[in-house]
file data.cif (mmCIF, C-alpha atoms)
data_model
loop_
_atom_site.label_atom_id
_atom_site.label_comp_id
_atom_site.auth_asym_id
_atom_site.auth_seq_id
_atom_site.Cartn_x
_atom_site.Cartn_y
_atom_site.Cartn_z
CA ASP X 1 -3.74 22.50 21.08
CA ALA X 2 -2.86 20.91 17.76
CA LYS X 3 -1.67 17.33 18.05
CA THR X 4 0.75 17.61 15.14
CA THR X 5 4.22 19.06 14.53
CA GLN X 6 5.24 20.41 11.15
CA PRO X 7 8.25 22.38 9.90
CA THR X 8 7.55 26.08 9.70
CA SER X 9 8.61 26.43 6.09
CA MET X 10 9.95 24.51 3.11
CA ASP X 11 11.10 25.30 -0.40
CA CYS X 12 10.62 23.17 -3.49
CA ALA X 13 11.71 23.59 -7.10
CA GLU X 14 8.96 23.74 -9.68
CA GLY X 15 8.38 20.37 -11.31
CA ARG X 16 9.97 18.45 -8.45
CA ALA X 17 8.14 16.44 -5.83
CA ALA X 18 7.30 18.28 -2.62
CA ASN X 19 7.45 16.09 0.48
CA LEU X 20 5.84 17.65 3.53
CA PRO X 21 6.41 15.81 6.83
CA CYS X 22 4.15 15.75 9.85
CA ASN X 23 4.69 14.22 13.28
CA HIS X 24 1.71 13.00 15.28
CA SER X 25 3.29 10.80 17.91
CA THR X 26 0.24 10.79 20.22
CA ILE X 27 -2.25 9.73 17.58
CA SER X 28 -4.85 7.22 18.70
CA GLY X 29 -5.66 4.05 16.82
CA ASN X 30 -8.83 5.30 15.21
CA GLU X 31 -7.85 8.88 14.50
CA TYR X 32 -7.46 10.03 10.92
CA VAL X 33 -4.75 12.26 9.48
CA TYR X 34 -6.15 15.08 7.34
CA TRP X 35 -4.29 17.51 5.11
CA TYR X 36 -5.58 20.90 4.03
CA ARG X 37 -3.84 23.77 2.34
CA GLN X 38 -4.55 27.47 2.34
CA ILE X 39 -3.47 29.74 -0.44
CA HIS X 40 -3.07 33.30 0.74
CA SER X 41 -6.30 34.71 2.20
CA GLN X 42 -8.48 31.98 0.71
CA GLY X 43 -10.43 29.28 2.53
CA PRO X 44 -8.57 26.07 3.36
CA GLN X 45 -8.76 23.46 0.63
CA TYR X 46 -9.13 19.78 1.47
CA ILE X 47 -6.35 17.66 0.00
CA ILE X 48 -6.47 14.12 1.36
CA HIS X 49 -6.92 12.04 4.49
CA GLY X 50 -6.05 8.57 5.70
CA LEU X 51 -6.15 6.20 8.66
CA LYS X 52 -3.34 3.70 8.28
CA ASN X 53 -2.97 2.81 4.62
CA ASN X 54 -1.28 5.03 2.07
CA GLU X 55 -3.72 7.09 0.05
CA THR X 56 -3.55 8.75 -3.34
CA ASN X 57 -5.88 11.07 -5.19
CA GLU X 58 -5.60 13.50 -8.08
CA MET X 59 -3.92 16.10 -5.90
CA ALA X 60 -1.46 14.23 -3.72
CA SER X 61 -0.31 11.08 -2.00
CA LEU X 62 -0.32 10.47 1.74
CA ILE X 63 2.22 8.11 3.24
CA ILE X 64 1.57 7.08 6.86
CA THR X 65 4.27 5.19 8.75
CA GLU X 66 3.45 1.77 10.09
CA ASP X 67 3.43 2.99 13.70
CA ARG X 68 1.22 5.91 12.57
CA LYS X 69 3.36 8.40 14.44
CA SER X 70 4.23 10.40 11.35
CA SER X 71 3.12 10.96 7.81
CA THR X 72 4.27 12.64 4.61
CA LEU X 73 2.18 14.50 2.07
CA ILE X 74 3.63 14.22 -1.42
CA LEU X 75 2.83 16.61 -4.24
CA PRO X 76 4.38 14.70 -7.16
CA HIS X 77 5.08 17.59 -9.52
CA ALA X 78 4.89 20.89 -7.67
CA THR X 79 3.84 24.00 -9.54
CA LEU X 80 3.93 27.66 -8.56
CA ARG X 81 0.22 27.39 -7.74
CA ASP X 82 1.03 24.89 -5.00
CA THR X 83 2.64 27.66 -2.95
CA ALA X 84 0.51 27.70 0.20
CA VAL X 85 0.39 26.88 3.90
CA TYR X 86 -0.18 23.15 4.39
CA TYR X 87 -1.92 21.94 7.52
CA CYS X 88 -1.66 18.43 8.90
CA ILE X 89 -4.55 17.70 11.28
CA VAL X 90 -5.32 14.70 13.44
CA ARG X 91 -9.06 14.31 13.51
CA VAL X 92 -10.43 12.96 16.74
CA SER X 93 -12.62 9.96 16.29
CA HIS X 94 -15.42 10.38 18.77
CA TYR X 95 -18.12 12.90 18.19
CA GLY X 96 -19.22 15.05 21.04
CA GLY X 97 -18.21 18.21 22.83
CA SER X 98 -15.48 20.00 20.95
CA GLN X 99 -14.23 16.92 19.21
CA GLY X 100 -15.99 17.15 15.89
CA ASN X 101 -14.16 20.22 14.73
CA LEU X 102 -10.78 20.61 13.05
CA ILE X 103 -7.90 21.84 15.22
CA PHE X 104 -5.41 23.71 13.07
CA GLY X 105 -1.78 24.22 14.01
CA LYS X 106 0.52 26.70 12.31
CA GLY X 107 1.19 24.49 9.29
CA THR X 108 4.09 24.47 6.84
CA LYS X 109 4.55 27.34 4.43
CA LEU X 110 5.60 25.72 1.16
CA SER X 111 7.24 27.98 -1.40
CA VAL X 112 7.55 26.55 -4.89
CA LYS X 113 10.27 28.34 -6.81
CA PRO X 114 10.82 28.48 -10.58
CA LYS D 1 -21.80 20.86 -7.54
CA ALA D 2 -21.38 24.40 -6.28
CA GLY D 3 -19.05 24.88 -3.35
CA VAL D 4 -19.60 26.66 -0.07
CA THR D 5 -20.49 30.30 -0.56
CA GLN D 6 -20.12 33.11 1.92
CA THR D 7 -21.47 36.63 1.84
CA PRO D 8 -20.37 39.28 2.02
CA ARG D 9 -16.74 38.71 1.07
CA TYR D 10 -15.51 41.92 2.66
CA LEU D 11 -16.95 44.07 5.40
CA ILE D 12 -15.88 47.15 7.32
CA LYS D 13 -17.53 48.00 10.63
CA THR D 14 -16.78 50.24 13.57
CA ARG D 15 -16.40 49.31 17.21
CA GLY D 16 -19.66 48.70 19.00
CA GLN D 17 -21.60 47.76 15.89
CA GLN D 18 -22.90 44.30 15.15
CA VAL D 19 -22.44 42.20 12.04
CA THR D 20 -24.14 39.22 10.42
CA LEU D 21 -22.31 36.88 8.06
CA SER D 22 -23.97 34.30 5.86
CA CYS D 23 -22.93 30.86 4.69
CA SER D 24 -24.59 28.57 2.14
CA PRO D 25 -23.30 25.00 2.36
CA ILE D 26 -22.73 22.57 -0.45
CA SER D 27 -26.06 21.18 -1.62
CA GLY D 28 -27.05 18.22 0.56
CA HIS D 29 -24.67 19.11 3.37
CA ARG D 30 -26.40 19.51 6.70
CA SER D 31 -23.53 20.43 8.98
CA VAL D 32 -22.05 23.92 8.99
CA SER D 33 -19.05 24.95 11.07
CA TRP D 34 -17.62 28.41 11.58
CA TYR D 35 -13.98 29.31 12.16
CA GLN D 36 -12.13 32.54 12.87
CA GLN D 37 -8.66 33.15 11.48
CA THR D 38 -6.37 35.88 12.78
CA PRO D 39 -2.61 36.34 12.36
CA GLY D 40 -2.06 35.94 16.08
CA GLN D 41 -4.33 33.01 16.93
CA GLY D 42 -4.51 31.20 13.61
CA LEU D 43 -7.59 29.20 12.69
CA GLN D 44 -9.94 28.66 15.62
CA PHE D 45 -13.25 26.84 15.80
CA LEU D 46 -16.30 28.93 16.69
CA PHE D 47 -19.30 26.61 16.52
CA GLU D 48 -21.06 23.97 14.51
CA TYR D 49 -24.70 23.63 13.51
CA PHE D 50 -26.56 20.56 12.38
CA SER D 51 -30.29 20.34 11.68
CA GLU D 52 -30.81 23.89 12.98
CA THR D 53 -29.20 23.04 16.34
CA GLN D 54 -25.86 24.12 17.70
CA ARG D 55 -24.16 20.92 18.76
CA ASN D 56 -20.58 22.03 19.23
CA LYS D 57 -19.03 25.26 20.44
CA GLY D 58 -15.52 26.64 20.71
CA ASN D 59 -14.11 28.95 23.35
CA PHE D 60 -15.46 32.31 22.25
CA PRO D 61 -17.49 34.90 24.20
CA GLY D 62 -21.25 35.09 23.98
CA ARG D 63 -21.00 38.04 21.59
CA PHE D 64 -20.46 35.41 18.92
CA SER D 65 -23.62 33.56 18.02
CA GLY D 66 -25.09 31.73 15.10
CA ARG D 67 -28.07 29.95 13.73
CA GLN D 68 -28.99 27.55 11.00
CA PHE D 69 -32.09 27.54 8.87
CA SER D 70 -34.15 24.61 7.62
CA ASN D 71 -32.36 24.74 4.25
CA SER D 72 -29.03 24.33 6.12
CA ARG D 73 -27.90 27.88 5.37
CA SER D 74 -26.24 29.42 8.39
CA GLU D 75 -25.58 32.86 9.74
CA MET D 76 -23.21 34.02 12.41
CA ASN D 77 -23.59 37.23 14.34
CA VAL D 78 -21.05 39.23 16.28
CA SER D 79 -22.44 41.91 18.56
CA THR D 80 -20.63 44.86 20.12
CA LEU D 81 -17.69 44.55 17.79
CA GLU D 82 -14.17 44.99 19.13
CA LEU D 83 -10.99 45.78 17.21
CA GLY D 84 -9.79 42.24 17.92
CA ASP D 85 -12.71 40.80 16.00
CA SER D 86 -11.02 41.82 12.76
CA ALA D 87 -10.41 38.50 11.08
CA LEU D 88 -11.19 36.15 8.24
CA TYR D 89 -14.36 34.23 9.11
CA LEU D 90 -14.60 30.87 7.45
CA CYS D 91 -17.51 28.57 7.03
CA ALA D 92 -17.17 24.86 6.31
CA SER D 93 -19.81 22.30 5.46
CA SER D 94 -20.02 18.54 5.57
CA LEU D 95 -22.73 15.97 5.04
CA ARG D 96 -23.44 15.23 8.68
CA GLY D 97 -20.43 16.59 10.54
CA ASP D 98 -18.74 14.14 12.85
CA GLN D 99 -15.89 12.44 11.02
CA GLU D 100 -16.76 13.60 7.56
CA THR D 101 -14.59 15.86 5.46
CA GLN D 102 -15.28 19.56 5.86
CA TYR D 103 -15.18 21.79 2.80
CA PHE D 104 -14.46 25.46 3.30
CA GLY D 105 -15.85 28.56 1.70
CA PRO D 106 -13.75 31.55 0.62
CA GLY D 107 -14.36 33.42 3.87
CA THR D 108 -15.57 36.86 4.86
CA ARG D 109 -12.87 39.36 5.70
CA LEU D 110 -14.10 41.63 8.51
CA LEU D 111 -12.28 44.81 9.43
CA VAL D 112 -13.32 46.59 12.62
CA LEU D 113 -12.22 50.22 12.90
#

call {"tool": "encode", "arguments": {"input": "data.cif", "output": "structure tokens"}}
result
Amino acid sequence: DAKTTQPTSMDCAEGRAANLPCNHSTISGNEYVYWYRQIHSQGPQYIIHGLKNNETNEMASLIITEDRKSSTLILPHATLRDTAVYYCIVRVSHYGGSQGNLIFGKGTKLSVKP
Amino acid sequence: KAGVTQTPRYLIKTRGQQVTLSCSPISGHRSVSWYQQTPGQGLQFLFEYFSETQRNKGNFPGRFSGRQFSNSRSEMNVSTLELGDSALYLCASSLRGDQETQYFGPGTRLLVL
């Protein structure tokens, strides 16, 4: 089962920041938080990942709380093309068995509206 | 650098047939993972290959198999197709697997009639 909890859906106005929350209260100390998004019927697209510090790249920012039990993905200026399902994934840290793969939950369907 | 490519993009088969899907990873990537996505079950891990060896497997029946070639290209095969095998099959590659970021291809949409 996925180790994260996300809202089922969210709306955002075009040009505004989209803040997508994720709860991962059982995260272990050396597990990373990954974010992917999937635009309808396409392959998931990697966005960003982090361990404990906040991260930023050309697509988004990732804010991880100090206790690491939750995080927020921020799309600073959402466009219509950002409409997608966003997946927050906790990546287990030890390789072996079924632990190297990504475990996807249901994600958050973000709708960016004009 | 070219991304992950998958062929074919769309496929229609009938029950009982078999199918082979192909995945070419990003150049230099040696790990290839396969996932199945259906409306009911979401995205589920099938298996992972590294250096021509399967080193990780999800909870799917033996009808689902795969292999990896020396150039890291991978194929997956589904034998004796069932209606429930209709899905989007996704391939993802990473440098060595393990904790590294996986990059996904566009997927192959399989319809079983």

call {"tool": "resolve_selection", "arguments": {"input": "data.cif", "expression": "the PyMOL selection byres ((chain D) within 10 of (chain X))", "output": "NGL selection string"}}
result
:D and (4 or 33-35 or 37 or 41-48 or 55-59 or 88-92 or 97-109)

call {"tool": "write_last_selection", "arguments": {"input": "data.cif", "atoms": "C-alpha atoms", "output": "short mmCIF file (atom, residue, chain, number, x, y, z; two decimals), in the coordinates of the input"}}
result
data_model
loop_
_atom_site.label_atom_id
_atom_site.label_comp_id
_atom_site.auth_asym_id
_atom_site.auth_seq_id
_atom_site.Cartn_x
_atom_site.Cartn_y
_atom_site.Cartn_z
CA VAL D 4 -19.60 26.66 -0.07
CA SER D 33 -19.05 24.95 11.07
CA TRP D 34 -17.62 28.41 11.58
CA TYR D 35 -13.98 29.31 12.16
CA GLN D 37 -8.66 33.15 11.48
CA GLN D 41 -4.33 33.01 16.93
CA GLY D 42 -4.51 31.20 13.61
CA LEU D 43 -7.59 29.20 12.69
CA GLN D 44 -9.94 28.66 15.62
CA PHE D 45 -13.25 26.84 15.80
CA LEU D 46 -16.30 28.93 16.69
CA PHE D 47 -19.30 26.61 16.52
CA GLU D 48 -21.06 23.97 14.51
CA ARG D 55 -24.16 20.92 18.76
CA ASN D 56 -20.58 22.03 19.23
CA LYS D 57 -19.03 25.26 20.44
CA GLY D 58 -15.52 26.64 20.71
CA ASN D 59 -14.11 28.95 23.35
CA LEU D 88 -11.19 36.15 8.24
CA TYR D 89 -14.36 34.23 9.11
CA LEU D 90 -14.60 30.87 7.45
CA CYS D 91 -17.51 28.57 7.03
CA ALA D 92 -17.17 24.86 6.31
CA GLY D 97 -20.43 16.59 10.54
CA ASP D 98 -18.74 14.14 12.85
CA GLN D 99 -15.89 12.44 11.02
CA GLU D 100 -16.76 13.60 7.56
CA THR D 101 -14.59 15.86 5.46
CA GLN D 102 -15.28 19.56 5.86
CA TYR D 103 -15.18 21.79 2.80
CA PHE D 104 -14.46 25.46 3.30
CA GLY D 105 -15.85 28.56 1.70
CA PRO D 106 -13.75 31.55 0.62
CA GLY D 107 -14.36 33.42 3.87
CA THR D 108 -15.57 36.86 4.86
CA ARG D 109 -12.87 39.36 5.70
#

call {"tool": "closest_residue", "arguments": {"input": "data.cif", "among": "X:Leu80, X:Ile63, X:Ile89, X:Ile74", "to": "Leu20 (chain X)", "atoms": "all atoms listed in the file"}}
result
X:Ile74

call {"tool": "residues_around", "arguments": {"input": "data.cif", "residues": "Asp82 (chain X)", "least_positions_apart": "3", "cutoff": "9 Å", "atoms": "all atoms listed in the file", "output": "PyMOL selection string"}}
result
chain X and resi 37+39+75+78-79+110-112

call {"tool": "write_last_selection", "arguments": {"input": "data.cif", "atoms": "C-alpha atoms", "output": "PDB file, keeping the file's coordinate frame"}}
result
ATOM      1  CA  ARG X  37      -3.840  23.770   2.340  1.00  0.00           C
ATOM      2  CA  ILE X  39      -3.470  29.740  -0.440  1.00  0.00           C
ATOM      3  CA  LEU X  75       2.830  16.610  -4.240  1.00  0.00           C
ATOM      4  CA  ALA X  78       4.890  20.890  -7.670  1.00  0.00           C
ATOM      5  CA  THR X  79       3.840  24.000  -9.540  1.00  0.00           C
ATOM      6  CA  LEU X 110       5.600  25.720   1.160  1.00  0.00           C
ATOM      7  CA  SER X 111       7.240  27.980  -1.400  1.00  0.00           C
ATOM      8  CA  VAL X 112       7.550  26.550  -4.890  1.00  0.00           C
TER       9      VAL X 112
END

call {"tool": "closest_residue", "arguments": {"input": "data.cif", "among": "D:Arg73, D:Arg96, D:Arg9, D:Lys1", "to": "Ser24 (chain D)", "atoms": "all atoms listed in the file"}}
result
D:Arg73

call {"tool": "resolve_selection", "arguments": {"input": "data.cif", "expression": "the PyMOL selection byres ((chain D and resi 110) around 7)", "output": "ChimeraX atom specification"}}
result
/D:10-12,86-88,108-109,111-112

call {"tool": "atom_distance", "arguments": {"input": "data.cif", "atom1": "CA of Ser25 (chain X)", "atom2": "CA of Cys88 (chain X)"}}
result
12.8 Å

call {"tool": "atom_distance", "arguments": {"input": "data.cif", "atom1": "CA of Phe50 (chain D)", "atom2": "CA of Asn71 (chain D)"}}
result
10.8 Å

call {"tool": "atom_distance", "arguments": {"input": "data.cif", "atom1": "CA of Ser9 (chain X)", "atom2": "CA of Tyr87 (chain X)"}}
result
11.5 Å

call {"tool": "residues_around", "arguments": {"input": "data.cif", "residues": "Asp85 (chain D)", "least_positions_apart": "4", "cutoff": "12 Å", "atoms": "all atoms listed in the file", "output": "VMD selection string"}}
result
chain D and resid 11 to 19 36 to 41 60 to 61 63 to 64 77 to 81 89 109 to 113

call {"tool": "closest_residue", "arguments": {"input": "data.cif", "among": "D:His29, D:Ser74, D:Ser65, D:Thr5", "to": "Ser94 (chain D)", "atoms": "all atoms listed in the file"}}
result
D:His29

call {"tool": "resolve_selection", "arguments": {"input": "data.cif", "expression": "the PyMOL selection byres ((chain X and resi 66) around 12)", "output": "PyMOL selection string"}}
result
chain X and resi 25+29+51-54+63-65+67-71

call {"tool": "residues_around", "arguments": {"input": "data.cif", "residues": "Thr5 (chain X)", "least_positions_apart": "6", "cutoff": "8 Å", "atoms": "all atoms listed in the file", "output": "list of chain:residue names"}}
result
X:Cys22, X:Asn23, X:His24, X:Gly105
